[in-house]
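S.K.: Have a look at this one.
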Amino acid sequence: MSTIVEQAGAAAEAAAPERALRPPSYWPFVVPALVTVLAVIIFPWLFTIWMSFQEWKVGSPTTFVGLSNYLRLPADPRFVESVGHTLSYTALSVLLPLVLGTLAAVVFHARFPGRGLLRALFIMPMMATPVAIALVWTMMFHPQLGILNYLLSLVGLPPQLWVFHPGTVIPSLVLVETWQWTPLVMLIVLGGIASLPTEPYESAQIDGASTWQMFRYITLPLIMPFLFIAAMIRAIDAIKSFDIIFAITQGGPGSASETINLYLYSVAFVYYDLGYASAIAVVFFVLIVALTALLLVLRRRAQWNALGSDT
Amino acid sequence: MSVNTLLSRIGLAVGVFLIVSPAILFFLWMISLSVKFEVDNAAFPPVFWPEHFAWKNYTDVLSSNRFFTYFKNSVLVTGGATALAMLVGVPAGYGIARMAAHKSAIVILIARITPGLSYLIPLFLLFQWLGLLGTLWPQIIIHLVVTVPIVIWIMIGYFETTPIELEEAARIDGATRWQVFRHVALPVAKPGLAVAFILAVIFSWNNFVFGIVLAGRETRTLPVAVYNMISFDQLSWGPLAAAALIVTLPVLLLTVFAQRQIVAGLTAGAVKGG
């Protein structure tokens with residue numbers, strides 16, 4: 001296939017030597033990927049949308065039911081609850097890594113011996129296999145034998161039930177998510193800090209500014225764009241979080257940590273209610289797009305504010 | 001002045017320690033769990049350094065014949081999905097960069113924000129219909145959802161920064177576009193190939209959600225096998241922690257040895273993702 005194209009290309013160029021310098025068509029490079037993307041990304045999407053208008057349980061024929069799958073959603077208490085769980089889980093899983101990751105970036109921006117190795121160790125949580133670390137966290141959360149309650153007892157705090165209590169399960173899972181993903185925020189913000197000009201710091205130093213003042217009034221405003229990017233990526237990943245929650249709690253206890261993604265899994269592959277699951281998938285996707293758009297709007301507004309305060 | 005520098009040095013050391021210790025202590029504890037017998041793992045207060053090391057935990061996992069099936073499955077799925085993604089994704093990254101078709105990146109962005117589960121429902125039905133469910137093919141194909149966007153995204157970035165003048169010179173000398181790609185563009189973009197390859201391998205190796213739906217008893221990858229150990233076979237912590245460590249060890253080693261490529265890839269993807 002490629003040789004035919006190659007020969008055809010060569011023949012065309014030989015036939016028109018004066019046109020040899022015109023940029024060639026790059027379509028043949030893209031076609032295989034285009035076919036792949038159509039097959040594994042676009043086709044599933046169109047099929048999901050079509051399915052969301054069908055009543056389809058595995059084993060029985062499909063029937064067109066219009067919007068009724070969508071109309072089931074607001075009346076489904078498990079779905080409504082899962083939206084709440086998803087939003088609180090996402091909000092915490094954006095904010096905490098953002099704050100800690102910025103602090104970590106400030107520290108890693110300094111030069112110190114062993115920096116490269118320590119940075120590698122620091123980013124390990126986000127590269128490690130999620131299921132494997134979820135398993136160890138489950139052991140650490142164990143109310144009687146877990147190391148976390150032992151650590152709490154060392155500082156005189158009462159033992160917690162962590163992921164085994166409806167009231168603490170989401171914060172506990174956020175702890176894992178924060179531990180895992182703070183490094184990504186750190187890397188993005190570190191890239192931002194490294195690109196900053198040095199002049200403002202020099203003149204601030206001459207004016208006798210403290211380290212905190214320099215961070216607050218120079219570094220922070222200048223790295224805002226990077227913080228927004230980090231927040232956006234974090235929000236997209238946190239809202240879709242699956243492996244950690246599924247492996248540690250499977251949405252429990254009860255359904256206290258069941259996010260939209262976990263509920264979607266249950267509807268699709270435990271109850272095999274594929275039409276309804278597709279409707280959840282579509283609504284979930286719209287929610288993610290809306291969240292991304294909201295953050296983009298906030299970012300634009302922040303830029304305008306920055307411009308406004310400058311002038 | 002020197003007191004000040006000393007103080008700021010100490011402050012920095014404390015800061016570094018506070019920031020890095022959660023990661024280090026976690027993995028040390030993971031190792032500790034994996035080399036202890038049940039008596040030590042169930043002890044309170046916890047035992048950090050056991051008197052007797054339970055190397056048996058590791059030999060048990062490694063000598064189970066199913067472990068090698070799962071390991072082989074993981075290698076085939078990750079290897080297959082990465083190889084295919086490089087094959088179609090690298091030329092695509094080149095084509096998109098040269099055509100400056102930045103709008104096509106929207107598809108990559110959509111792929112990035114779509115939850116993995118929403119691909120699973122239709123593709124699961126498709127694989128069932130095609131009768132592929134007992135084989136590794138469904139997993140190899142669906143892992144393309146992860147690997148192809150990574151490869152394309154990173155390669156666009158690298159090909160955009162490689163100079164076009166070299167390619168023009170080669171074309172003047174009569175090279176075809178394929179020859180230009182193969183002998184001029186590709187060698188220059190070698191660091192990008194490494195970055196794309198490493199990230200695709202890591203994210204495919206770590207993937208769990210596709211496996212729990214698509215893998216049968218004989219086609220499980222390692223993350224799915226470890227998850228099934230928790231729920232069914234194994235309740236003692238030592239062997240579980242050992243299995244978890246074995247599963248994630250290749251990725252951790254890659255992180256240490258290819259740190260530069262990983263950081264470059266993640267921040268490029270991230271910054272451009274905005």
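In the structure tokens, chains take letters A, B, ... by order of appearance, with residues numbered from 1 within each chain and ligands from 1 in the order shown.
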Within 7 Å of chain A, which residues of chain B come that close, and what is the closest atom pair and distance in Å for each? Count only C-alpha atoms and give it as a Markdown table.
M.R.:
| residue | atom | partner | partner_atom | distance |
| --- | --- | --- | --- | --- |
| B:Leu12 | CA | A:Val107 | CA | 6.8 |
| B:Gly15 | CA | A:Val107 | CA | 6.6 |
| B:Val16 | CA | A:Val107 | CA | 6.5 |
| B:Ile19 | CA | A:Ala104 | CA | 6.3 |
| B:Val20 | CA | A:Phe122 | CA | 5.5 |
| B:Ala23 | CA | A:Phe122 | CA | 5.9 |
| B:Ile24 | CA | A:Leu121 | CA | 6.7 |
| B:Met30 | CA | A:Val136 | CA | 6.5 |
| B:Ala42 | CA | A:Leu145 | CA | 6.0 |
| B:Phe44 | CA | A:Leu145 | CA | 6.6 |
| B:Pro45 | CA | A:Tyr150 | CA | 6.9 |
| B:Pro46 | CA | A:Ile147 | CA | 6.9 |
| B:Val88 | CA | A:Ala33 | CA | 4.9 |
| B:Gly89 | CA | A:Ala33 | CA | 5.9 |
| B:Pro91 | CA | A:Phe29 | CA | 4.9 |
| B:Ala92 | CA | A:Val30 | CA | 4.2 |
| B:Gly95 | CA | A:Tyr26 | CA | 5.0 |
| B:Met99 | CA | A:Tyr26 | CA | 6.7 |
| B:Ala111 | CA | A:Ile41 | CA | 6.9 |
| B:Ile113 | CA | A:Ile236 | CA | 6.2 |
| B:Thr114 | CA | A:Phe285 | CA | 6.3 |
| B:Pro115 | CA | A:Lys240 | CA | 5.8 |
| B:Leu117 | CA | A:Tyr265 | CA | 7.0 |
| B:Ser118 | CA | A:Ala281 | CA | 5.6 |
| B:Tyr119 | CA | A:Pro44 | CA | 5.6 |
| B:Pro122 | CA | A:Pro44 | CA | 5.4 |
| B:Leu123 | CA | A:Pro44 | CA | 6.5 |
| B:Ile142 | CA | A:Val40 | CA | 6.9 |
| B:Val145 | CA | A:Val40 | CA | 6.3 |
| B:Arg171 | CA | A:Leu21 | CA | 6.7 |
| B:Ile172 | CA | A:Leu21 | CA | 6.5 |
| B:Thr176 | CA | A:Ala10 | CA | 5.9 |
| B:Arg177 | CA | A:Pro24 | CA | 6.8 |
| B:Trp178 | CA | A:Glu6 | CA | 6.7 |
| B:Asn206 | CA | A:Thr129 | CA | 4.6 |
| B:Phe208 | CA | A:Asp243 | CA | 6.6 |
| B:Val209 | CA | A:Asp243 | CA | 6.8 |
| B:Pro223 | CA | A:Val131 | CA | 6.1 |
| B:Tyr227 | CA | A:Val131 | CA | 6.8 |
| B:Ala241 | CA | A:Val136 | CA | 6.6 |
| B:Ala244 | CA | A:Ala132 | CA | 4.6 |
| B:Leu245 | CA | A:Ala132 | CA | 6.9 |
| B:Thr248 | CA | A:Thr129 | CA | 5.2 |
| B:Val251 | CA | A:Ala128 | CA | 6.2 |
| B:Leu252 | CA | A:Ala128 | CA | 6.1 |
| B:Thr255 | CA | A:Ala120 | CA | 6.6 |
| B:Val256 | CA | A:Ala120 | CA | 5.5 |
| B:Gln259 | CA | A:Ala120 | CA | 6.1 |
| B:Thr267 | CA | A:Ile188 | CA | 5.7 |
| B:Val271 | CA | A:Ile229 | CA | 6.7 |
| B:Gly274 | CA | A:Ile229 | CA | 5.3 |
S.K.: Just the number, please: distance in Å from atom CA of Thr69 of chain B to atom CA of Glu218 of chain B, one decimal.
M.R.: 7.4 Å
S.K.: If you count only C-alpha atoms, which residues fall within 9 Å of Val201 of chain B, apart from same-chain ones fewer than 4 positions away, as a list in words?
M.R.: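 My reading of the contact set: Thr78, Gly79, Ala81, Thr82, Thr147, Ala196, Phe197, Trp205, Asn206 and Val251 of chain B.
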S.K.: With C-alpha atoms retained, could you export that selection as a tab-separated table (two decimals), in the first residue's frame?
M.R.:
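What follows is the written file out.tsv:
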chain	number	residue	atom	x	y	z
B	78	THR	CA	0.59	-3.19	26.40
B	79	GLY	CA	3.07	-4.17	23.69
B	81	ALA	CA	-1.47	-1.38	21.90
B	82	THR	CA	1.76	0.63	22.08
B	147	THR	CA	-2.25	5.02	23.60
B	196	ALA	CA	5.55	8.91	23.40
B	197	PHE	CA	6.57	5.26	23.71
B	205	TRP	CA	0.22	-1.11	31.64
B	206	ASN	CA	-1.62	0.64	34.47
B	251	VAL	CA	6.48	1.19	35.90
S.K.: Determine, counting only C-alpha atoms, which protein, DNA and RNA residues have an atom within 12 Å of an atom of Ser203 of chain A; residues of the same chain fewer than 5 positions away are not included. Present the result as a list in words.
M.R.: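 What passes the distance filter is Pro197, Thr198, Gly208, Ala209, Met214 and Ile218 of chain A.
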S.K.: May I ask which of the residues B:Leu222, B:Ala243, B:Ala189, B:Ala43 is the closest one to Ile154 of chain B, counting only C-alpha atoms?
M.R.: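 Using only C-alpha atoms, Ile154 of chain B sits closest to B:Ala189.
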S.K.: Determine the nearest neighbour of Leu253 of chain B from the options B:Val14, B:Ile198, B:Ala105, B:Val151, counting only C-alpha atoms.
M.R.: B:Ile198
S.K.: Do a neighbour search on Ser82 of chain A at 8 Å with only C-alpha atoms, toss out local chain neighbours closer than 3 positions, and write the hits as a list of chain:residue names.
M.R.: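 Contacts, with the query itself left out: A:Arg78, A:Phe79, A:His85, A:Thr86, A:Ser257, A:Glu258, A:Thr259, A:Ile260, A:Tyr263.
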S.K.: Atom CA of Gln250 of chain A and atom CA of Leu161 of chain A, how far apart in Å?
M.R.: 16.3 Å
S.K.: Write down as a ChimeraX atom specification the residues belonging to segment 35-270 of chain B that are assigned alpha helix (DSSP H) by DSSP computed on the backbone.
M.R.: /B:38-41,56-63,65-99,105-113,116-130,137-161,164-172,177-180,186-188,190-206,209-214,222-228,237-257,259-270
S.K.: By how many Å are atom CA of Leu291 of chain A and atom CA of Asp76 of chain A apart?
M.R.: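 According to the coordinates, atom CA of Leu291 of chain A and atom CA of Asp76 of chain A are separated by 22.2 Å.
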S.K.: Residues near Gln128 of chain B, anyone? I mean within 12 Å using only C-alpha atoms, not counting same-chain ones fewer than 5 positions away, as a list in words.
M.R.: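 With the cut-off at 12 Å, the set is Val58 and Gly59 of chain A; Leu120, Ile121, Pro122, Leu123, Leu133, Gly134, Thr135, Trp137, Pro138, Val213 and Leu214 of chain B.
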S.K.: May I ask which of the residues B:Trp129, B:Phe181, B:Phe124, B:Trp49 is the closest one to Ala215 of chain B, counting only C-alpha atoms?
M.R.: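 Nearest candidate to Ala215 of chain B out of B:Trp129, B:Phe181, B:Phe124, B:Trp49: B:Phe124.
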S.K.: Find the residues near Leu33 of chain B: any atom within 10 Å, counting only C-alpha atoms, skip ones fewer than 5 places away on the same chain, and give them as JSON, numbers by chain.
M.R.: {"A": [136, 139], "B": [27, 28, 38, 40, 41, 47, 48, 49, 50, 54, 57, 237, 238, 239, 240, 241, 242]}
S.K.: Filtering to C-alpha atoms, could you give me those residues as a PDB file, in the first residue's frame?
M.R.:
ATOM      1  CA  VAL A 136      -1.892  -0.892  49.913  1.00  0.00           C
ATOM      2  CA  MET A 139      -4.517  -2.007  54.175  1.00  0.00           C
TER       3      MET A 139
ATOM      4  CA  PHE B  27       6.517   2.726  49.113  1.00  0.00           C
ATOM      5  CA  LEU B  28       8.734   1.717  52.033  1.00  0.00           C
ATOM      6  CA  GLU B  38       0.949 -12.639  58.744  1.00  0.00           C
ATOM      7  CA  ASP B  40       3.973  -9.336  61.803  1.00  0.00           C
ATOM      8  CA  ASN B  41       1.438  -7.753  59.447  1.00  0.00           C
ATOM      9  CA  VAL B  47       6.318  -4.025  62.906  1.00  0.00           C
ATOM     10  CA  PHE B  48       8.481  -2.069  60.476  1.00  0.00           C
ATOM     11  CA  TRP B  49      11.482  -4.362  60.229  1.00  0.00           C
ATOM     12  CA  PRO B  50      10.603  -8.018  60.751  1.00  0.00           C
ATOM     13  CA  ALA B  54       8.819 -13.705  54.315  1.00  0.00           C
ATOM     14  CA  ASN B  57       5.375 -14.096  49.656  1.00  0.00           C
ATOM     15  CA  TRP B 237      -1.604  -9.038  53.343  1.00  0.00           C
ATOM     16  CA  GLY B 238       1.940 -10.232  52.695  1.00  0.00           C
ATOM     17  CA  PRO B 239       1.340 -12.020  49.391  1.00  0.00           C
ATOM     18  CA  LEU B 240      -1.109  -9.304  48.305  1.00  0.00           C
ATOM     19  CA  ALA B 241       1.426  -6.543  48.866  1.00  0.00           C
ATOM     20  CA  ALA B 242       4.091  -8.624  47.136  1.00  0.00           C
TER      21      ALA B 242
END
